[in-house]
$ cat structure_1.txt   # compact mmCIF, C-alpha atoms
# COMPACT_ATOMS: atom_id res chain seq x y z
CA LEU A 14 99.69 126.09 82.30
CA TRP A 15 97.74 123.74 80.09
CA SER A 16 100.79 122.56 78.13
CA CYS A 17 102.90 122.17 81.27
CA SER A 18 100.31 120.02 83.00
CA LYS A 19 99.76 117.67 80.08
CA LYS A 20 101.15 114.20 80.48
CA GLU A 21 103.66 113.10 77.91
CA GLN A 22 101.78 111.54 75.01
CA GLU A 23 101.80 107.76 74.95
CA ILE A 24 102.90 106.33 71.66
CA ARG A 25 100.46 103.89 70.13
CA LEU A 26 102.25 101.22 68.15
CA ARG A 27 100.94 100.52 64.67
CA ASN A 28 99.44 97.04 64.08
CA THR A 29 102.26 96.08 61.70
CA VAL A 30 104.81 96.89 64.41
CA VAL A 31 102.81 94.98 67.05
CA ASN A 32 102.71 91.94 64.74
CA LEU A 33 106.47 92.10 64.16
CA VAL A 34 107.11 92.49 67.90
CA ASP A 35 104.94 89.43 68.53
CA SER A 36 106.95 87.46 65.94
CA LEU A 37 110.27 88.58 67.43
CA SER A 38 109.02 87.75 70.96
CA ILE A 39 108.56 84.06 70.22
CA SER A 40 111.26 82.11 72.03
CA ASP A 41 112.57 78.61 72.11
CA GLU A 42 112.35 77.11 75.60
CA SER A 43 116.03 76.16 75.52
CA MET A 44 117.06 79.70 74.52
CA PRO A 45 114.48 82.19 75.74
CA ASN A 46 114.61 85.82 74.69
CA MET A 47 116.63 85.23 71.53
CA VAL A 48 118.10 88.28 69.83
CA PHE A 49 119.10 87.47 66.26
CA ILE A 50 120.99 90.24 64.49
CA SER A 51 122.52 89.26 61.21
CA ASN A 52 122.72 90.20 57.57
CA ASP A 53 124.24 86.88 56.56
CA TYR A 54 121.51 84.32 57.26
CA PRO A 55 118.44 85.20 55.16
CA LYS A 56 116.91 81.74 55.74
CA ALA A 57 116.92 82.14 59.54
CA ARG A 58 113.42 82.41 61.01
CA ASN A 59 113.87 85.84 62.59
CA TYR A 60 115.86 87.35 59.71
CA LYS A 61 112.88 88.76 57.81
CA PHE A 62 111.08 89.86 60.99
CA TYR A 63 114.18 91.65 62.30
CA HIS A 64 114.93 93.48 59.05
CA LYS A 65 111.31 94.51 58.51
CA PHE A 66 111.15 95.66 62.15
CA ILE A 67 114.27 97.81 61.69
CA LYS A 68 112.94 99.20 58.42
CA ILE A 69 109.38 100.18 59.39
CA THR A 70 109.49 101.25 63.04
CA THR A 71 109.71 104.95 63.77
CA GLU A 72 112.13 106.40 66.30
CA GLU A 73 109.18 107.13 68.59
CA GLU A 74 108.03 103.52 68.39
CA LEU A 75 111.55 102.27 69.09
CA LYS A 76 111.81 104.55 72.13
CA GLU A 77 108.45 103.25 73.37
CA LEU A 78 109.63 99.65 72.87
CA MET A 79 112.57 100.33 75.18
CA HIS A 80 109.98 99.74 77.96
CA HIS A 81 108.66 96.46 76.55
CA LYS A 82 108.30 93.60 79.06
CA LYS A 83 110.35 91.21 76.87
CA PRO A 84 114.11 91.85 77.15
CA ASN A 85 114.85 90.78 73.58
CA ILE A 86 112.43 93.43 72.28
CA ARG A 87 114.28 96.09 74.30
CA CYS A 88 117.50 94.92 72.61
CA TYR A 89 115.95 95.00 69.13
CA ALA A 90 114.62 98.51 69.81
CA PHE A 91 117.98 99.77 71.06
CA ASN A 92 119.73 98.25 68.06
CA GLY A 93 117.22 99.99 65.80
CA LEU A 94 118.02 103.31 67.42
CA VAL A 95 121.75 102.66 66.95
CA GLU A 96 121.16 101.79 63.27
CA ARG A 97 119.35 105.10 62.83
CA LYS A 98 122.12 107.02 64.58
CA PHE A 99 119.53 108.35 67.04
CA SER A 100 120.78 111.14 69.29
CA GLY A 101 119.87 110.34 72.87
CA LEU A 102 121.28 106.82 73.01
CA ARG A 103 123.45 107.63 76.03
CA LYS A 104 120.40 108.72 78.01
CA ILE A 105 118.50 105.55 77.08
CA PHE A 106 121.54 103.41 77.92
CA GLU A 107 121.89 105.10 81.31
CA GLU A 108 118.21 104.43 82.05
CA HIS A 109 118.92 100.71 81.53
CA LEU A 110 122.15 100.38 83.51
CA LYS A 111 120.50 97.94 85.92
CA ASP A 112 118.63 95.98 83.25
CA THR A 113 120.09 92.56 84.04
CA ALA A 114 117.40 90.59 82.18
CA GLN A 115 119.05 87.81 80.21
CA VAL A 116 118.92 87.34 76.44
CA HIS A 117 120.50 84.85 74.06
CA LEU A 118 122.36 86.77 71.36
CA SER A 119 123.18 85.38 67.92
CA TYR A 120 124.79 87.16 65.02
CA GLY A 121 124.10 84.06 62.94
CA GLY A 122 125.54 80.60 62.72
CA CYS A 123 125.80 78.25 65.69
CA VAL A 124 127.34 80.61 68.23
CA VAL A 125 124.89 81.93 70.82
CA ILE A 126 125.99 84.12 73.71
CA LYS A 127 124.01 84.59 76.92
CA THR A 128 124.19 88.24 77.99
CA SER A 129 122.17 90.92 79.76
CA VAL A 130 120.22 93.75 78.15
CA MET A 131 122.60 96.27 79.74
CA LYS A 132 125.66 94.44 78.34
CA PHE A 133 124.02 94.19 74.91
CA MET A 134 123.40 97.95 74.89
CA MET A 135 126.90 98.63 76.15
CA ASP A 136 128.34 96.56 73.31
CA GLN A 137 126.25 98.51 70.79
CA LEU A 138 128.09 101.61 72.05
CA HIS A 139 131.53 99.92 72.05
CA PRO A 140 134.42 102.40 71.54
CA HIS A 141 135.66 100.45 68.50
CA GLY A 142 133.00 99.43 66.04
CA SER A 143 129.87 101.25 67.18
CA LYS A 144 127.88 103.01 64.47
CA SER A 145 126.76 105.61 67.00
CA SER A 146 128.29 109.04 67.40
CA GLU A 147 127.48 108.57 71.10
CA LYS A 148 129.74 105.56 71.50
CA LEU A 149 131.51 105.08 74.80
CA THR A 150 135.12 105.97 75.43
CA ARG A 151 137.48 103.14 76.33
CA LYS A 152 137.50 104.32 79.96
CA GLU A 153 133.70 104.46 80.14
CA TYR A 154 133.38 101.02 78.56
CA THR A 155 135.77 99.58 81.16
CA GLU A 156 133.85 101.21 84.02
CA TYR A 157 130.49 99.97 82.72
CA SER A 158 131.97 96.49 82.28
CA LYS A 159 132.98 96.50 85.94
CA MET A 160 129.49 97.66 86.89
CA ALA A 161 127.90 94.87 84.81
CA GLN A 162 130.15 92.29 86.45
CA LYS A 163 129.25 93.58 89.93
CA LEU A 164 125.53 93.50 89.12
CA ARG A 165 125.90 89.92 87.86
CA LYS A 166 127.70 88.89 91.08
CA ASP A 167 125.15 90.68 93.28
CA LYS A 168 122.28 89.00 91.47
CA ALA A 169 123.95 85.57 91.76
CA SER A 170 124.45 85.99 95.52
CA HIS A 171 120.74 86.74 96.13
$ encode --input "structure_1.txt" --output "structure tokens"
Amino acid sequence: LWSCSKKEQEIRLRNTVVNLVDSLSISDESMPNMVFISNDYPKARNYKFYHKFIKITTEEELKELMHHKKPNIRCYAFNGLVERKFSGLRKIFEEHLKDTAQVHLSYGGCVVIKTSVMKFMMDQLHPHGSKSSEKLTRKEYTEYSKMAQKLRKDKASH
């Protein structure tokens, strides 16, 4: 009875992780919630923060960060789980199907794409190119794309 009644342990983030999250949370007013994922631009401000974040966070910390209030941190955490080939990505993705918070995504260079957290996660599980063994099938990807489009339209009409 004791073990069944215990609440799930809360993960306490290490100070180094908190500091990196704070650095990655800083946004430009013109492009809030920036997500910068690149291996090609080592002089970019977020390059070193992103790569250190990916390197030092544990899977438990990344899972905890999936509930962070900043949408770009949720994206960084999900990407970290993909990089680690974490099993359970589908479940996490499904928990965020209605996460329409907007981020500005850059893989480097001048091109920046405005997208939602859900769409970012969906693209990390793309049928062609995902590093995850839990990647979506083509049919699933198409269905989720339709869902994302509907959510975008519904949000715009409110």
$ residues_around --input "structure_1.txt" --residues "Val95 of chain A" --least-positions-apart "2" --cutoff "12 Å" --atoms "all atoms listed in the file" --output "MDAnalysis selection string"
chainID A and resid 67 72 75:76 88:93 97:103 105:106 133:139 142:148
$ axis_aligned_box --input "structure_1.txt" --around "segment 119-124 of chain A" --padding-each-side "3 Å" --output "AutoDock Vina command-line options"
--center_x 125.3 --center_y 82.7 --center_z 65.5 --size_x 10.2 --size_y 14.9 --size_z 11.5
$ atom_distance --input "structure_1.txt" --atom1 "atom CA of Leu78 of chain A" --atom2 "atom CA of Asn28 of chain A"
13.7 Å
$ closest_residue --input "structure_1.txt" --among "A:Asp41, A:Tyr60, A:Thr70, A:Asn46" --to "Lys82 of chain A" --atoms "all atoms listed in the file"
A:Asn46
$ closest_residue --input "structure_1.txt" --among "A:Glu74, A:Glu107, A:Asp112, A:Asp167" --to "Leu94 of chain A" --atoms "all atoms listed in the file"
A:Glu74
$ atom_distance --input "structure_1.txt" --atom1 "atom CA of Lys132 of chain A" --atom2 "atom CA of Leu110 of chain A"
8.6 Å
$ closest_residue --input "structure_1.txt" --among "A:Thr113, A:Ser129, A:Thr71, A:Asn32" --to "Val48 of chain A" --atoms "all atoms listed in the file"
A:Ser129
$ atom_distance --input "structure_1.txt" --atom1 "atom CA of Ile24 of chain A" --atom2 "atom CA of Glu73 of chain A"
7.0 Å
$ residues_around --input "structure_1.txt" --residues "segment 158-160 of chain A" --least-positions-apart "3" --cutoff "10 Å" --atoms "all atoms listed in the file" --output "number ranges by chain"
A: 110-111, 131-132, 135-136, 152-155, 163-166
$ closest_residue --input "structure_1.txt" --among "A:Ser38, A:Glu77, A:Ile69, A:Tyr120" --to "Arg25 of chain A" --atoms "only C-alpha atoms"
A:Glu77
$ closest_residue --input "structure_1.txt" --among "A:Arg151, A:Met47, A:Tyr63, A:Ala169" --to "Val130 of chain A" --atoms "all atoms listed in the file"
A:Met47
$ closest_residue --input "structure_1.txt" --among "A:Ala114, A:Leu33, A:Met44, A:Leu149" --to "Pro84 of chain A" --atoms "all atoms listed in the file"
A:Ala114
